[in-house]
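Chemist: Pasting data06.cif below, which is mmCIF, C-alpha atoms.
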```
data_data
loop_
_atom_site.label_atom_id
_atom_site.label_comp_id
_atom_site.auth_asym_id
_atom_site.auth_seq_id
_atom_site.Cartn_x
_atom_site.Cartn_y
_atom_site.Cartn_z
CA MET A 1 -25.64 51.18 -23.91
CA THR A 2 -22.76 48.96 -25.10
CA THR A 3 -21.79 48.08 -21.51
CA LEU A 4 -25.37 47.11 -20.64
CA THR A 5 -25.64 44.83 -23.70
CA ALA A 6 -22.35 43.09 -22.92
CA THR A 7 -23.39 42.49 -19.33
CA THR A 8 -26.71 40.99 -20.45
CA GLU A 9 -25.04 38.66 -22.96
CA GLU A 10 -22.49 37.54 -20.36
CA THR A 11 -25.28 36.74 -17.92
CA ARG A 12 -27.10 34.63 -20.52
CA THR A 13 -24.03 32.65 -21.52
CA ALA A 14 -22.95 31.87 -17.95
CA PRO A 15 -25.90 30.21 -16.23
CA ALA A 16 -25.57 29.34 -12.58
CA ARG A 17 -24.31 25.76 -12.03
CA PRO A 18 -26.05 23.70 -9.34
CA ALA A 19 -23.80 22.82 -6.45
CA TYR A 20 -23.50 19.06 -5.88
CA ARG A 21 -21.71 17.78 -2.81
CA VAL A 22 -20.61 14.23 -2.02
CA THR A 23 -22.15 13.42 1.34
CA GLY A 24 -22.33 10.22 3.33
CA ARG A 25 -26.08 9.99 2.85
CA ARG A 26 -25.76 10.28 -0.91
CA VAL A 27 -23.04 7.65 -1.06
CA LEU A 28 -25.19 5.29 1.01
CA SER A 29 -28.16 5.99 -1.24
CA SER A 30 -26.05 5.25 -4.32
CA GLU A 31 -24.82 1.93 -2.93
CA TRP A 32 -28.34 0.98 -1.89
CA ALA A 33 -29.60 1.62 -5.43
CA LYS A 34 -26.74 -0.34 -7.00
CA LEU A 35 -27.28 -3.29 -4.67
CA TRP A 36 -30.95 -3.73 -5.53
CA SER A 37 -30.49 -3.08 -9.24
CA LEU A 38 -28.70 -6.43 -9.64
CA ARG A 39 -30.69 -9.61 -10.23
CA SER A 40 -28.03 -11.61 -8.40
CA THR A 41 -28.89 -9.73 -5.20
CA TRP A 42 -32.47 -10.95 -5.17
CA ILE A 43 -31.51 -14.49 -6.16
CA THR A 44 -28.68 -14.90 -3.64
CA LEU A 45 -30.57 -13.32 -0.76
CA GLY A 46 -33.49 -15.61 -1.55
CA LEU A 47 -31.18 -18.61 -1.54
CA GLY A 48 -29.66 -17.56 1.78
CA LEU A 49 -33.11 -17.27 3.34
CA LEU A 50 -34.19 -20.56 1.79
CA PHE A 51 -31.10 -22.39 3.05
CA LEU A 52 -31.56 -21.07 6.58
CA VAL A 53 -35.23 -22.00 6.83
CA ALA A 54 -35.30 -25.18 4.74
CA PHE A 55 -32.31 -26.89 6.36
CA GLY A 56 -33.61 -25.95 9.79
CA LEU A 57 -36.95 -27.60 9.07
CA ILE A 58 -35.22 -30.64 7.55
CA ALA A 59 -33.11 -31.04 10.69
CA ALA A 60 -36.18 -30.74 12.92
CA ASN A 61 -38.07 -33.37 10.89
CA HIS A 62 -35.04 -35.66 10.92
CA TYR A 63 -34.80 -35.34 14.69
CA LYS A 64 -38.47 -36.14 15.27
CA SER A 65 -38.50 -39.08 12.86
CA GLY A 66 -35.44 -40.57 14.58
CA ILE A 67 -36.93 -40.61 18.09
CA GLY A 68 -36.85 -44.18 19.39
CA SER A 69 -34.66 -45.44 16.58
CA PRO A 70 -31.68 -47.59 17.67
CA HIS A 71 -29.56 -46.05 14.87
CA ARG A 72 -30.20 -42.46 15.88
CA ASP A 73 -27.38 -40.03 15.12
CA ARG A 74 -25.46 -39.14 18.29
CA ASP A 75 -25.26 -35.49 17.19
CA PHE A 76 -29.03 -35.25 17.67
CA ALA A 77 -28.99 -36.76 21.17
CA THR A 78 -28.60 -33.37 22.89
CA ALA A 79 -30.22 -31.25 20.16
CA THR A 80 -32.62 -28.45 21.02
CA ALA A 81 -35.19 -26.58 18.98
CA VAL A 82 -32.68 -23.75 18.65
CA SER A 83 -29.77 -25.87 17.40
CA LEU A 84 -32.06 -27.72 14.98
CA SER A 85 -33.61 -24.53 13.63
CA LEU A 86 -30.20 -22.90 13.09
CA PHE A 87 -28.76 -25.96 11.35
CA GLY A 88 -28.90 -24.09 8.03
CA THR A 89 -26.69 -21.24 9.24
CA ASN A 90 -23.58 -22.86 7.73
CA PHE A 91 -25.26 -22.96 4.33
CA ALA A 92 -26.78 -19.48 4.54
CA GLN A 93 -23.40 -17.96 5.43
CA LEU A 94 -22.00 -19.12 2.09
CA ALA A 95 -24.77 -17.45 0.11
CA LEU A 96 -24.54 -14.16 2.02
CA GLY A 97 -20.74 -14.17 2.10
CA VAL A 98 -20.49 -14.82 -1.64
CA LEU A 99 -22.93 -12.00 -2.35
CA GLY A 100 -20.81 -9.73 -0.17
CA VAL A 101 -17.77 -10.56 -2.32
CA LEU A 102 -19.77 -9.80 -5.47
CA VAL A 103 -20.85 -6.41 -4.09
CA THR A 104 -17.27 -5.13 -4.26
CA ALA A 105 -15.25 -7.47 -6.48
CA GLY A 106 -18.00 -7.43 -9.08
CA GLU A 107 -17.35 -3.73 -9.72
CA TYR A 108 -13.66 -4.44 -10.29
CA SER A 109 -14.42 -7.21 -12.79
CA THR A 110 -16.76 -4.98 -14.80
CA GLY A 111 -14.66 -1.81 -14.48
CA MET A 112 -17.53 0.08 -12.85
CA ILE A 113 -15.32 0.83 -9.86
CA ARG A 114 -13.62 3.58 -11.89
CA SER A 115 -16.90 5.44 -12.27
CA THR A 116 -17.72 4.89 -8.61
CA LEU A 117 -14.40 6.32 -7.40
CA ALA A 118 -14.58 9.18 -9.90
CA ALA A 119 -17.85 10.21 -8.28
CA VAL A 120 -16.44 9.70 -4.75
CA PRO A 121 -12.75 10.67 -4.99
CA ARG A 122 -12.04 10.10 -1.28
CA ARG A 123 -12.54 6.34 -1.85
CA LEU A 124 -12.94 5.09 1.71
CA PRO A 125 -16.57 6.29 2.06
CA VAL A 126 -17.37 3.90 -0.80
CA LEU A 127 -16.04 0.93 1.19
CA TRP A 128 -17.79 1.97 4.40
CA SER A 129 -21.07 2.49 2.54
CA LYS A 130 -20.91 -0.85 0.73
CA ALA A 131 -20.11 -2.68 3.97
CA ALA A 132 -22.83 -0.87 5.93
CA VAL A 133 -25.55 -1.30 3.32
CA PHE A 134 -24.95 -4.96 2.63
CA GLY A 135 -24.18 -5.75 6.27
CA LEU A 136 -27.57 -4.39 7.34
CA VAL A 137 -29.34 -6.26 4.54
CA ALA A 138 -27.62 -9.52 5.50
CA LEU A 139 -28.45 -8.87 9.16
CA ALA A 140 -32.13 -8.40 8.33
CA VAL A 141 -32.28 -11.52 6.15
CA GLY A 142 -30.40 -13.62 8.70
CA THR A 143 -32.52 -12.49 11.64
CA LEU A 144 -35.76 -13.02 9.73
CA GLY A 145 -34.69 -16.48 8.62
CA ALA A 146 -33.58 -17.49 12.12
CA PHE A 147 -36.90 -16.54 13.70
CA VAL A 148 -38.98 -18.11 10.91
CA ALA A 149 -36.98 -21.35 11.10
CA PHE A 150 -37.37 -21.46 14.88
CA LEU A 151 -41.10 -20.72 14.89
CA PHE A 152 -41.82 -23.56 12.46
CA GLY A 153 -39.10 -25.89 13.76
CA SER A 154 -40.27 -25.58 17.37
CA ARG A 155 -43.72 -26.70 16.30
CA ILE A 156 -42.28 -29.77 14.61
CA VAL A 157 -40.38 -30.88 17.73
CA SER A 158 -43.09 -29.90 20.22
CA GLY A 159 -43.69 -32.63 22.75
CA THR A 160 -40.14 -33.96 22.46
CA ALA A 161 -37.06 -33.44 24.62
CA ALA A 162 -35.88 -30.73 22.21
CA ALA A 163 -39.02 -28.62 22.55
CA MET A 164 -38.44 -24.98 23.43
CA GLY A 165 -40.26 -21.67 23.11
CA LEU A 166 -39.24 -18.06 22.65
CA THR A 167 -39.66 -17.51 26.38
CA HIS A 168 -36.98 -20.06 27.28
CA ALA A 169 -33.75 -18.58 28.58
CA GLY A 170 -31.26 -17.74 25.85
CA VAL A 171 -33.51 -18.49 22.87
CA VAL A 172 -34.02 -14.92 21.67
CA ARG A 173 -30.35 -14.17 22.28
CA SER A 174 -29.33 -17.15 20.15
CA LEU A 175 -31.63 -16.18 17.27
CA LEU A 176 -30.44 -12.58 17.32
CA GLY A 177 -26.85 -13.81 17.53
CA ALA A 178 -27.36 -15.93 14.40
CA GLY A 179 -28.69 -12.91 12.51
CA LEU A 180 -25.78 -10.77 13.69
CA TYR A 181 -23.29 -13.46 12.71
CA LEU A 182 -24.69 -13.65 9.17
CA GLY A 183 -24.65 -9.87 8.91
CA LEU A 184 -20.96 -9.77 9.86
CA VAL A 185 -20.21 -12.58 7.40
CA GLY A 186 -21.67 -10.34 4.71
CA VAL A 187 -19.39 -7.50 5.81
CA ILE A 188 -16.35 -9.80 5.73
CA GLY A 189 -17.31 -10.91 2.22
CA THR A 190 -17.54 -7.27 1.14
CA ALA A 191 -14.12 -6.57 2.64
CA LEU A 192 -12.53 -9.60 0.98
CA GLY A 193 -13.91 -8.55 -2.39
CA ALA A 194 -12.37 -5.08 -2.01
CA LEU A 195 -9.10 -6.48 -0.67
CA LEU A 196 -8.51 -9.14 -3.34
CA ARG A 197 -10.42 -7.42 -6.19
CA SER A 198 -11.27 -10.83 -7.59
CA VAL A 199 -14.58 -12.67 -7.33
CA ALA A 200 -12.92 -16.10 -7.46
CA GLY A 201 -10.19 -15.10 -5.01
CA GLY A 202 -12.60 -13.53 -2.53
CA ILE A 203 -14.93 -16.53 -2.57
CA SER A 204 -12.01 -18.94 -2.19
CA VAL A 205 -10.63 -17.14 0.87
CA LEU A 206 -14.12 -16.86 2.38
CA VAL A 207 -14.86 -20.57 2.00
CA ALA A 208 -11.40 -21.54 3.22
CA SER A 209 -11.59 -19.37 6.36
CA LEU A 210 -15.11 -20.44 7.31
CA MET A 211 -15.10 -24.12 6.35
CA LEU A 212 -11.71 -25.53 5.35
CA VAL A 213 -9.40 -24.13 8.03
CA PRO A 214 -11.43 -25.56 10.96
CA GLY A 215 -11.10 -29.00 9.38
CA LEU A 216 -7.35 -28.62 8.99
CA ILE A 217 -7.00 -27.48 12.60
CA SER A 218 -8.53 -30.79 13.69
CA LEU A 219 -5.40 -32.50 12.36
CA LEU A 220 -3.22 -30.70 14.91
CA PRO A 221 -2.44 -32.09 18.38
CA SER A 222 -5.33 -31.76 20.80
CA SER A 223 -3.48 -29.26 22.98
CA TRP A 224 -3.04 -26.98 19.97
CA GLN A 225 -6.65 -27.41 18.94
CA ASP A 226 -7.90 -26.27 22.35
CA ASN A 227 -5.85 -23.06 22.10
CA ILE A 228 -6.52 -22.21 18.46
CA SER A 229 -9.91 -23.62 17.50
CA PRO A 230 -12.17 -21.34 19.63
CA TYR A 231 -10.67 -18.23 18.01
CA LEU A 232 -11.22 -19.26 14.39
CA PRO A 233 -13.84 -17.09 12.63
CA SER A 234 -16.41 -19.86 12.20
CA ASN A 235 -16.05 -21.22 15.75
CA ALA A 236 -16.11 -17.77 17.33
CA GLY A 237 -19.17 -16.94 15.27
CA GLU A 238 -20.90 -20.18 16.24
CA SER A 239 -20.43 -19.36 19.91
CA MET A 240 -22.44 -16.17 19.31
CA PHE A 241 -25.64 -18.16 18.74
CA ALA A 242 -24.94 -21.41 20.60
CA LEU A 243 -27.43 -22.01 23.38
CA THR A 244 -24.99 -23.90 25.61
CA HIS A 245 -21.23 -23.61 26.07
CA ASP A 246 -18.43 -25.64 27.60
CA SER A 247 -14.77 -25.20 28.43
CA THR A 248 -13.71 -25.62 24.79
CA THR A 249 -15.91 -22.82 23.43
CA LEU A 250 -16.11 -19.08 23.96
CA SER A 251 -18.96 -17.30 25.67
CA PRO A 252 -21.38 -15.36 23.43
CA GLY A 253 -19.79 -12.04 24.37
CA ALA A 254 -16.24 -13.26 23.84
CA GLY A 255 -17.22 -14.89 20.55
CA LEU A 256 -18.74 -11.63 19.37
CA LEU A 257 -15.58 -9.69 20.23
CA VAL A 258 -13.36 -12.21 18.43
CA PHE A 259 -15.55 -12.23 15.35
CA LEU A 260 -15.69 -8.44 15.34
CA GLY A 261 -11.90 -8.49 15.45
CA TRP A 262 -11.79 -10.65 12.30
CA THR A 263 -14.28 -8.30 10.65
CA VAL A 264 -12.23 -5.21 11.52
CA LEU A 265 -9.07 -6.94 10.27
CA ALA A 266 -10.66 -7.68 6.89
CA LEU A 267 -12.05 -4.15 6.59
CA GLY A 268 -8.71 -2.65 7.59
CA GLY A 269 -6.88 -4.61 4.90
CA ALA A 270 -9.44 -3.59 2.28
CA ALA A 271 -9.26 0.07 3.33
CA TYR A 272 -5.45 0.06 3.18
CA ARG A 273 -5.35 -1.35 -0.32
CA LEU A 274 -8.14 0.88 -1.57
CA ALA A 275 -6.41 4.00 -0.27
CA ARG A 276 -2.87 3.07 -1.35
CA SER A 277 -3.22 1.40 -4.75
CA ASP A 278 -4.76 2.28 -8.10
CA VAL A 279 -7.90 0.68 -9.43
#
```
Show this structure as structure tokens.
Modeler:
Amino acid sequence: MTTLTATTEETRTAPARPAYRVTGRRVLSSEWAKLWSLRSTWITLGLGLLFLVAFGLIAANHYKSGIGSPHRDRDFATATAVSLSLFGTNFAQLALGVLGVLVTAGEYSTGMIRSTLAAVPRRLPVLWSKAAVFGLVALAVGTLGAFVAFLFGSRIVSGTAAAMGLTHAGVVRSLLGAGLYLGLVGVIGTALGALLRSVAGGISVLVASLMLVPGLISLLPSSWQDNISPYLPSNAGESMFALTHDSTTLSPGAGLLVFLGWTVLALGGAAYRLARSDV
């Protein structure tokens, strides 16, 4: 009788604990929830989409209003509906890249990264999940914005020398390339945030690599420029969605490979620091 009572009491005081496992799907789901729980996500993604579409339409209107003008900008002389519609890519990349930095560096500034890594002790799945989730979101926003800008921009320039449709050779490839480029910029921003663990530092390096360094390279001798300039991140990325190419630019495939190399380099540096140093 005493043995039976003791067994019953032991069973009541030791309830079965549910078994929770850290899986890739759960880590992705967690990062997805954290991304959309921030107001800055909605605002910055909206700005990125607005920049891409609005500046594309502004460029198309500027082109059409300047037809026949003696003071027409020479940059618009060989413009196409694609190049005009994607004029806002340089502005959209800043919004998406900055948000990518905030996705990772923001957790370091608030201290939330400690809770994240306590839940996922292996660490690296956190980086891969953040990069994958935000990269896909940036890809979707960039692709949507590119097609919307082109559909409206092509109507504005219809009947001009720049007029093109989706059925023209290379148009769809260029629009998809612009979306892919913006998606990879978001991944690079995420990697820089994890590598530098500073919002200001990550944004500074992002802006410098995409916008400042190409300007500094132009100060070098022309022979150096021809050998270095095509392989810079921004120039390699631009060749991914450029409709035409010349001897000074990379082909779309080569540009994609070079830009993927920069992306892998940034992710590799972030993974090394995350795995080797404390938070």
Chemist: Quick one: everything within 12 Å of A:Ser158, counting only C-alpha atoms, minus sequence neighbours fewer than 3 positions away in the same chain. Send it as a list in words.
Modeler: Ala60, Asn61, Tyr63, Lys64, Thr80, Ala81, Phe150, Leu151, Phe152, Gly153, Ser154, Arg155, Ala161, Ala162, Ala163, Met164 and Gly165 of chain A
Chemist: Output the residue selection produced by the PyMOL selection byres ((chain A and resi 145) around 12) on the file above, formatted as a PyMOL selection string.
Modeler: chain A and resi 45-57+85-89+92-93+138-144+146-153+175-176+178-180+182
Chemist: Rank A:Leu212, A:Leu28, A:Leu192, A:Ile217 by their smallest atom-to-atom distance to A:Leu267, using all atoms listed in the file, and report the top residue only.
Modeler: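 Using all atoms listed in the file, A:Leu267 sits closest to A:Leu192.
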Chemist: Can you tell me which residues surround A:Tyr108 at a distance of at most 10 Å, considering all atoms listed in the file, apart from same-chain residues fewer than 2 positions away, and format the answer as a PDB file with C-alpha atoms, keeping the file's coordinate frame?
Modeler:
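part.pdb was written with the following content:
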```
ATOM      1  CA  LEU A 102     -19.770  -9.800  -5.470  1.00  0.00           C
ATOM      2  CA  VAL A 103     -20.850  -6.410  -4.090  1.00  0.00           C
ATOM      3  CA  THR A 104     -17.270  -5.130  -4.260  1.00  0.00           C
ATOM      4  CA  ALA A 105     -15.250  -7.470  -6.480  1.00  0.00           C
ATOM      5  CA  GLY A 106     -18.000  -7.430  -9.080  1.00  0.00           C
ATOM      6  CA  THR A 110     -16.760  -4.980 -14.800  1.00  0.00           C
ATOM      7  CA  GLY A 111     -14.660  -1.810 -14.480  1.00  0.00           C
ATOM      8  CA  MET A 112     -17.530   0.080 -12.850  1.00  0.00           C
ATOM      9  CA  ILE A 113     -15.320   0.830  -9.860  1.00  0.00           C
ATOM     10  CA  ARG A 114     -13.620   3.580 -11.890  1.00  0.00           C
ATOM     11  CA  GLY A 193     -13.910  -8.550  -2.390  1.00  0.00           C
ATOM     12  CA  ALA A 194     -12.370  -5.080  -2.010  1.00  0.00           C
ATOM     13  CA  LEU A 196      -8.510  -9.140  -3.340  1.00  0.00           C
ATOM     14  CA  ARG A 197     -10.420  -7.420  -6.190  1.00  0.00           C
ATOM     15  CA  SER A 198     -11.270 -10.830  -7.590  1.00  0.00           C
ATOM     16  CA  VAL A 199     -14.580 -12.670  -7.330  1.00  0.00           C
ATOM     17  CA  VAL A 279      -7.900   0.680  -9.430  1.00  0.00           C
TER      18      VAL A 279
END
```
Chemist: Taking only C-alpha atoms into account, which of A:Leu250, A:Leu265, A:Arg123, A:Ser174 comes nearest A:Asp278?
Modeler: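 Residue with the minimum atom-to-atom distance to A:Asp278: A:Arg123.
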Chemist: Give me the residues within 8 Å of A:Leu127 as number ranges by chain, counting only C-alpha atoms and dropping any in the same chain fewer than 3 places off.
Modeler: A: 123-124, 130-131, 191, 194, 271
Chemist: Between A:Leu260, A:Leu84, A:Ala119, A:Ala59, which residue has the minimum interatomic distance to A:Ile188, considering all atoms listed in the file?
Modeler: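 The shortest atom-to-atom distance to A:Ile188 comes from A:Leu260.
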Chemist: Can you pull out every residue within 10 Å of A:Asn235, counting only C-alpha atoms, but drop anything in the same chain fewer than 2 positions away, and send it as a list in words?
Modeler: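 Listing them by chain and then by number gives Leu210, Met211, Pro214, Ile228, Ser229, Pro230, Tyr231, Leu232, Pro233, Gly237, Glu238, Ser239, Met240, Thr249, Leu250, Gly255, Val258 and Phe259 of chain A.
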Chemist: Could you expand the PyMOL selection byres ((chain A and resi 207) around 12) into the explicit residues it covers here, written as a PyMOL selection string?
Modeler: chain A and resi 90-91+93-98+101+185+188-189+192+200-206+208-215+233-234
Chemist: Output C-alpha atoms for every residue in that selection, as a PDB file, keeping the file's coordinate frame.
Modeler:
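This is the output file again_17.pdb:
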```pdb
ATOM      1  CA  ASN A  90     -23.580 -22.860   7.730  1.00  0.00           C
ATOM      2  CA  PHE A  91     -25.260 -22.960   4.330  1.00  0.00           C
ATOM      3  CA  GLN A  93     -23.400 -17.960   5.430  1.00  0.00           C
ATOM      4  CA  LEU A  94     -22.000 -19.120   2.090  1.00  0.00           C
ATOM      5  CA  ALA A  95     -24.770 -17.450   0.110  1.00  0.00           C
ATOM      6  CA  LEU A  96     -24.540 -14.160   2.020  1.00  0.00           C
ATOM      7  CA  GLY A  97     -20.740 -14.170   2.100  1.00  0.00           C
ATOM      8  CA  VAL A  98     -20.490 -14.820  -1.640  1.00  0.00           C
ATOM      9  CA  VAL A 101     -17.770 -10.560  -2.320  1.00  0.00           C
ATOM     10  CA  VAL A 185     -20.210 -12.580   7.400  1.00  0.00           C
ATOM     11  CA  ILE A 188     -16.350  -9.800   5.730  1.00  0.00           C
ATOM     12  CA  GLY A 189     -17.310 -10.910   2.220  1.00  0.00           C
ATOM     13  CA  LEU A 192     -12.530  -9.600   0.980  1.00  0.00           C
ATOM     14  CA  ALA A 200     -12.920 -16.100  -7.460  1.00  0.00           C
ATOM     15  CA  GLY A 201     -10.190 -15.100  -5.010  1.00  0.00           C
ATOM     16  CA  GLY A 202     -12.600 -13.530  -2.530  1.00  0.00           C
ATOM     17  CA  ILE A 203     -14.930 -16.530  -2.570  1.00  0.00           C
ATOM     18  CA  SER A 204     -12.010 -18.940  -2.190  1.00  0.00           C
ATOM     19  CA  VAL A 205     -10.630 -17.140   0.870  1.00  0.00           C
ATOM     20  CA  LEU A 206     -14.120 -16.860   2.380  1.00  0.00           C
ATOM     21  CA  ALA A 208     -11.400 -21.540   3.220  1.00  0.00           C
ATOM     22  CA  SER A 209     -11.590 -19.370   6.360  1.00  0.00           C
ATOM     23  CA  LEU A 210     -15.110 -20.440   7.310  1.00  0.00           C
ATOM     24  CA  MET A 211     -15.100 -24.120   6.350  1.00  0.00           C
ATOM     25  CA  LEU A 212     -11.710 -25.530   5.350  1.00  0.00           C
ATOM     26  CA  VAL A 213      -9.400 -24.130   8.030  1.00  0.00           C
ATOM     27  CA  PRO A 214     -11.430 -25.560  10.960  1.00  0.00           C
ATOM     28  CA  GLY A 215     -11.100 -29.000   9.380  1.00  0.00           C
ATOM     29  CA  PRO A 233     -13.840 -17.090  12.630  1.00  0.00           C
ATOM     30  CA  SER A 234     -16.410 -19.860  12.200  1.00  0.00           C
TER      31      SER A 234
END
```
Chemist: Work out how far atom CA of A:Val187 is from atom CA of A:Gly100, in Å to one decimal.
Modeler: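 Here the two named atoms are 6.5 Å from each other.
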Chemist: Would you compute the distance between atom CA of A:Ser115 and atom CA of A:Ser40? Give it in Å to one decimal.
Modeler: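 A separation of 20.7 Å between them.
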Chemist: Of the candidates A:Ser37, A:Asn227, A:Thr190, A:Thr116, which one gets nearest to A:Leu99 if we count all atoms listed in the file?
Modeler: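 For A:Leu99, the nearest of the given residues is A:Thr190.
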Chemist: Could you give me, as a PyMOL selection string, the residues within 12 Å of A:Trp32, counting all atoms listed in the file and dropping anything in the same chain fewer than 3 positions from it?
Modeler: chain A and resi 25-29+35-38+41+103+126+129-137
Chemist: Can you measure atom CA of A:Ser83 to atom CA of A:Val171 for me? One decimal in Å is fine.
Modeler: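 Distance between the two atoms: 9.9 Å.
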Chemist: Kindly indicate which residue among A:Lys34, A:Arg21, A:His245, A:Arg273 lies nearest to A:Pro121, using only C-alpha atoms for the distances.
Modeler: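 Of the candidates, the smallest distance to A:Pro121 is held by A:Arg21.
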Chemist: Emit as AutoDock Vina command-line options the padded axis-aligned box for all listed atoms of stretch 212-229 of chain A, 8 Å per side, with centre and edge lengths in Å to one decimal.
Modeler:
```
--center_x -7.1 --center_y -27.4 --center_z 14.2 --size_x 25.3 --size_y 26.3 --size_z 33.6
```
Chemist: Could you give me stretch 27-34 of chain A completed to all heavy atoms, formatted as a PDB file, keeping the file's coordinate frame?
Modeler:
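Output contents, as saved in out15.pdb:
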```
ATOM      1  N   VAL A  27     -23.813   8.841  -0.733  1.00  0.00           N
ATOM      2  CA  VAL A  27     -23.040   7.650  -1.060  1.00  0.00           C
ATOM      3  C   VAL A  27     -23.788   6.392  -0.632  1.00  0.00           C
ATOM      4  O   VAL A  27     -23.851   5.401  -1.368  1.00  0.00           O
ATOM      5  CB  VAL A  27     -21.646   7.704  -0.396  1.00  0.00           C
ATOM      6  CG1 VAL A  27     -20.861   6.426  -0.679  1.00  0.00           C
ATOM      7  CG2 VAL A  27     -20.859   8.908  -0.903  1.00  0.00           C
ATOM      8  N   LEU A  28     -24.387   6.422   0.554  1.00  0.00           N
ATOM      9  CA  LEU A  28     -25.190   5.290   1.010  1.00  0.00           C
ATOM     10  C   LEU A  28     -26.374   5.041   0.081  1.00  0.00           C
ATOM     11  O   LEU A  28     -26.688   3.890  -0.256  1.00  0.00           O
ATOM     12  CB  LEU A  28     -25.697   5.551   2.436  1.00  0.00           C
ATOM     13  CG  LEU A  28     -24.679   5.423   3.567  1.00  0.00           C
ATOM     14  CD1 LEU A  28     -25.270   5.957   4.864  1.00  0.00           C
ATOM     15  CD2 LEU A  28     -24.244   3.971   3.738  1.00  0.00           C
ATOM     16  N   SER A  29     -27.029   6.123  -0.333  1.00  0.00           N
ATOM     17  CA  SER A  29     -28.160   5.990  -1.240  1.00  0.00           C
ATOM     18  C   SER A  29     -27.736   5.394  -2.570  1.00  0.00           C
ATOM     19  O   SER A  29     -28.440   4.548  -3.154  1.00  0.00           O
ATOM     20  CB  SER A  29     -28.810   7.358  -1.456  1.00  0.00           C
ATOM     21  OG  SER A  29     -29.879   7.276  -2.373  1.00  0.00           O
ATOM     22  N   SER A  30     -26.569   5.796  -3.061  1.00  0.00           N
ATOM     23  CA  SER A  30     -26.050   5.250  -4.320  1.00  0.00           C
ATOM     24  C   SER A  30     -25.770   3.759  -4.207  1.00  0.00           C
ATOM     25  O   SER A  30     -26.129   2.972  -5.094  1.00  0.00           O
ATOM     26  CB  SER A  30     -24.784   6.000  -4.726  1.00  0.00           C
ATOM     27  OG  SER A  30     -24.177   5.408  -5.843  1.00  0.00           O
ATOM     28  N   GLU A  31     -25.133   3.355  -3.105  1.00  0.00           N
ATOM     29  CA  GLU A  31     -24.820   1.930  -2.930  1.00  0.00           C
ATOM     30  C   GLU A  31     -26.083   1.106  -2.728  1.00  0.00           C
ATOM     31  O   GLU A  31     -26.156  -0.048  -3.171  1.00  0.00           O
ATOM     32  CB  GLU A  31     -23.868   1.754  -1.744  1.00  0.00           C
ATOM     33  CG  GLU A  31     -22.494   2.370  -1.941  1.00  0.00           C
ATOM     34  CD  GLU A  31     -21.787   1.840  -3.168  1.00  0.00           C
ATOM     35  OE1 GLU A  31     -22.012   0.649  -3.524  1.00  0.00           O
ATOM     36  OE2 GLU A  31     -21.027   2.600  -3.796  1.00  0.00           O
ATOM     37  N   TRP A  32     -27.059   1.674  -2.069  1.00  0.00           N
ATOM     38  CA  TRP A  32     -28.340   0.980  -1.890  1.00  0.00           C
ATOM     39  C   TRP A  32     -29.007   0.738  -3.248  1.00  0.00           C
ATOM     40  O   TRP A  32     -29.500  -0.360  -3.520  1.00  0.00           O
ATOM     41  CB  TRP A  32     -29.246   1.818  -0.995  1.00  0.00           C
ATOM     42  CG  TRP A  32     -30.627   1.266  -0.804  1.00  0.00           C
ATOM     43  CD1 TRP A  32     -31.738   1.549  -1.527  1.00  0.00           C
ATOM     44  CD2 TRP A  32     -31.043   0.310   0.197  1.00  0.00           C
ATOM     45  NE1 TRP A  32     -32.820   0.843  -1.066  1.00  0.00           N
ATOM     46  CE2 TRP A  32     -32.416   0.077  -0.009  1.00  0.00           C
ATOM     47  CE3 TRP A  32     -30.388  -0.349   1.226  1.00  0.00           C
ATOM     48  CZ2 TRP A  32     -33.148  -0.791   0.791  1.00  0.00           C
ATOM     49  CZ3 TRP A  32     -31.122  -1.223   2.019  1.00  0.00           C
ATOM     50  CH2 TRP A  32     -32.481  -1.430   1.805  1.00  0.00           C
ATOM     51  N   ALA A  33     -28.993   1.760  -4.102  1.00  0.00           N
ATOM     52  CA  ALA A  33     -29.600   1.620  -5.430  1.00  0.00           C
ATOM     53  C   ALA A  33     -28.848   0.594  -6.274  1.00  0.00           C
ATOM     54  O   ALA A  33     -29.464  -0.227  -6.969  1.00  0.00           O
ATOM     55  CB  ALA A  33     -29.628   2.978  -6.139  1.00  0.00           C
ATOM     56  N   LYS A  34     -27.520   0.623  -6.220  1.00  0.00           N
ATOM     57  CA  LYS A  34     -26.740  -0.340  -7.000  1.00  0.00           C
ATOM     58  C   LYS A  34     -26.966  -1.768  -6.515  1.00  0.00           C
ATOM     59  O   LYS A  34     -27.013  -2.700  -7.325  1.00  0.00           O
ATOM     60  CB  LYS A  34     -25.249   0.019  -6.932  1.00  0.00           C
ATOM     61  CG  LYS A  34     -24.857   1.202  -7.784  1.00  0.00           C
ATOM     62  CD  LYS A  34     -23.347   1.323  -7.922  1.00  0.00           C
ATOM     63  CE  LYS A  34     -22.697   1.735  -6.639  1.00  0.00           C
ATOM     64  NZ  LYS A  34     -21.231   1.967  -6.813  1.00  0.00           N
TER      65      LYS A  34
END
```
